[in-house]
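Before any comments, here is the structure.
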Amino acid sequence: MHKAELQNLLDYVAIRQLNAKYNRYADQADGESYSSLFTEDAQFHIVGEGTYIGREQIAARCNATTTAVHVTTEPELDISGDTAQQRVRMLTVLQDGEGTRNEFVASGWYIDELKRTAEGWRYHHRRVELDLDINMVLEKVK
Amino acid sequence: MHKAELQNLLDYVAIRQLNAKYNRYADQADGESYSSLFTEDAQFHIVGEGTYIGREQIAARCNATTTAVHVTTEPELDISGDTAQQRVRMLTVLQDGEGTRNEFVASGWYIDELKRTAEGWRYHHRRVELDLDINMVLEKVK
Amino acid sequence: MHKAELQNLLDYVAIRQLNAKYNRYADQADGESYSSLFTEDAQFHIVGEGTYIGREQIAARCNATTTAVHVTTEPELDISGDTAQQRVRMLTVLQDGEGTRNEFVASGWYIDELKRTAEGWRYHHRRVELDLDINMVLEKVK
């Protein structure tokens, strides 16, 4: 029993650290590192904007947004064996990289299905829903 | 010793997941699910606005605010046996549900007393303090 | 093996609670409590603004900012024995303490080196980088 409980805690923390890495790579528009956090056949769906399948497409999408700060907080995490479901609140902030603009953009959700792989937990399906119309968001972070 | 430490970690994570659920049910104005996260005789106190006692009043208060996004982050958590004290920073964001408005509203604190029940951890007393005058907050999220 | 994994989890949670305390003491401009979260010979570096060495200087710097709300979220934490490296996203919000102003100010990073001491985990080197020019930030939180 203790072993299963300990494993659940280790998985919880590992997935939170995965979220932290995701946010940083996204902020840095580091598509290669970013896409390595997904399974090879992952789907990344931005509601109202598009679906990106596999690491190459996911990396390219990441590289295209260079002005957003990605913040996530308290997830709801349901871990079962080698899969996990996550729903986590996100906030987006604008940065221009020159220190002259920094503004709140939008709140939203990540809704995820994760898989345990040989390299650790990875996003297998990630869905982003924003509370502001995606075109208004993209306009703001251009 | 290890057993007590493991229990403390399990409780820490369980309460963080409770916070995550609280935020989502509040966002969705789902008063029934929301009030189930409180003990039956819980008190919910919004400083400057009112006190709600018991699940029925708490559910009704939840259903009355349909335009707020509730974000919490890093709690200070002190767990002792079947009770816990929590102080956690919160941020509120406006959503109108139609994707046309999404703005930062206010920061604040939740200050909580929790109890371990047969259904898991529940808020027994929750106090909300906002850093902006409550009338200015309510005006913004109308 | 289990013992090492359990210790890592305990350290992870302890450092997150340290971050929570840091934020609160900073918000309250409680320099004495705040500086006790650093090692005695700690360095606190605010990029573009200055470096503060030792608890006395660090406490004085804390006491000088009375209008900021400090929010941190998902850290990347790498714990190894009695030292740890942390990178954690932060958000700053303005409060005036009178409930009449409360606005998003800036996002940034804390980049930390921590040490395990007899009193628990402490910041040994903390670096703050803001995504907005520090002079624009200081202007906003005055």
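So you can find residues: chains in the structure tokens are A, B, ... in the order shown, residues in each start at 1, and ligands are numbered from 1 in order.
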Please determine the contact residues of chain A with respect to chain B at a cut-off of 9 Å, counting only C-alpha atoms, and supply them as a list in words.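 Every residue meeting the condition is included here: His2, Glu5, Leu6, Leu9, Tyr12, Thr73, Glu74, Pro75, Glu76, Leu77, Arg87, Val88, Arg89, Met90, Phe104, Val105, Ala106, Ser107, Leu130, Asp131, Leu132, Asp133, Ile134 and Met136 of chain A.
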Residues from last step as file, C-alpha atoms, as a PDB file, in the first residue's frame:
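That gives us part_34.pdb:
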ATOM      1  CA  HIS A   2       2.695   2.450   0.994  1.00  0.00           C
ATOM      2  CA  GLU A   5       0.970   5.856  -2.400  1.00  0.00           C
ATOM      3  CA  LEU A   6       4.610   6.844  -2.703  1.00  0.00           C
ATOM      4  CA  LEU A   9       3.228  11.231  -5.049  1.00  0.00           C
ATOM      5  CA  TYR A  12       2.300  13.986  -9.086  1.00  0.00           C
ATOM      6  CA  THR A  73      -0.943  26.679 -11.327  1.00  0.00           C
ATOM      7  CA  GLU A  74      -2.901  24.126  -9.239  1.00  0.00           C
ATOM      8  CA  PRO A  75      -3.671  21.093 -11.420  1.00  0.00           C
ATOM      9  CA  GLU A  76      -6.386  18.517 -10.952  1.00  0.00           C
ATOM     10  CA  LEU A  77      -4.414  15.344 -11.573  1.00  0.00           C
ATOM     11  CA  ARG A  87      -6.793  19.810 -16.017  1.00  0.00           C
ATOM     12  CA  VAL A  88      -4.799  22.876 -15.095  1.00  0.00           C
ATOM     13  CA  ARG A  89      -5.508  26.590 -15.074  1.00  0.00           C
ATOM     14  CA  MET A  90      -3.187  28.758 -17.154  1.00  0.00           C
ATOM     15  CA  PHE A 104      -1.815  40.276 -18.680  1.00  0.00           C
ATOM     16  CA  VAL A 105      -3.284  38.652 -21.801  1.00  0.00           C
ATOM     17  CA  ALA A 106      -5.721  35.857 -20.978  1.00  0.00           C
ATOM     18  CA  SER A 107      -6.654  32.968 -18.723  1.00  0.00           C
ATOM     19  CA  LEU A 130      -8.666  30.196 -23.768  1.00  0.00           C
ATOM     20  CA  ASP A 131     -11.234  32.349 -21.974  1.00  0.00           C
ATOM     21  CA  LEU A 132     -10.698  35.072 -24.562  1.00  0.00           C
ATOM     22  CA  ASP A 133     -11.357  34.638 -28.267  1.00  0.00           C
ATOM     23  CA  ILE A 134      -8.176  33.188 -29.799  1.00  0.00           C
ATOM     24  CA  MET A 136      -8.021  38.587 -29.679  1.00  0.00           C
TER      25      MET A 136
END
Between A:Leu91, A:Lys142, A:Asn8, A:Ala42, single out the one closest to Asp112 (chain A), counting only C-alpha atoms. A:Ala42
As a check of understanding: the span from CA of Gly50 (chain B) to CA of Glu129 (chain B) is 11.5 Å
Test item, alpha helix (DSSP H) assignment across region 30-106 of chain C, answer as an NGL selection string: :C and (31-35 or 54-64)
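Residue nearest Glu139 (chain A) within the list A:Ala14, A:Asp78, A:Thr65, A:Tyr123: A:Thr65 [criterion: smallest interatomic distance, only C-alpha atoms].
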Figure out the distance between CA of Trp109 (chain A) and CA of Arg127 (chain A), please, to one decimal in Å. 8.0 Å
Where in chain A does DSSP assign strand (DSSP E or B), given as a PyMOL selection string? chain A and resi 38-46+50-53+68-80+83-95+102-117+120-130
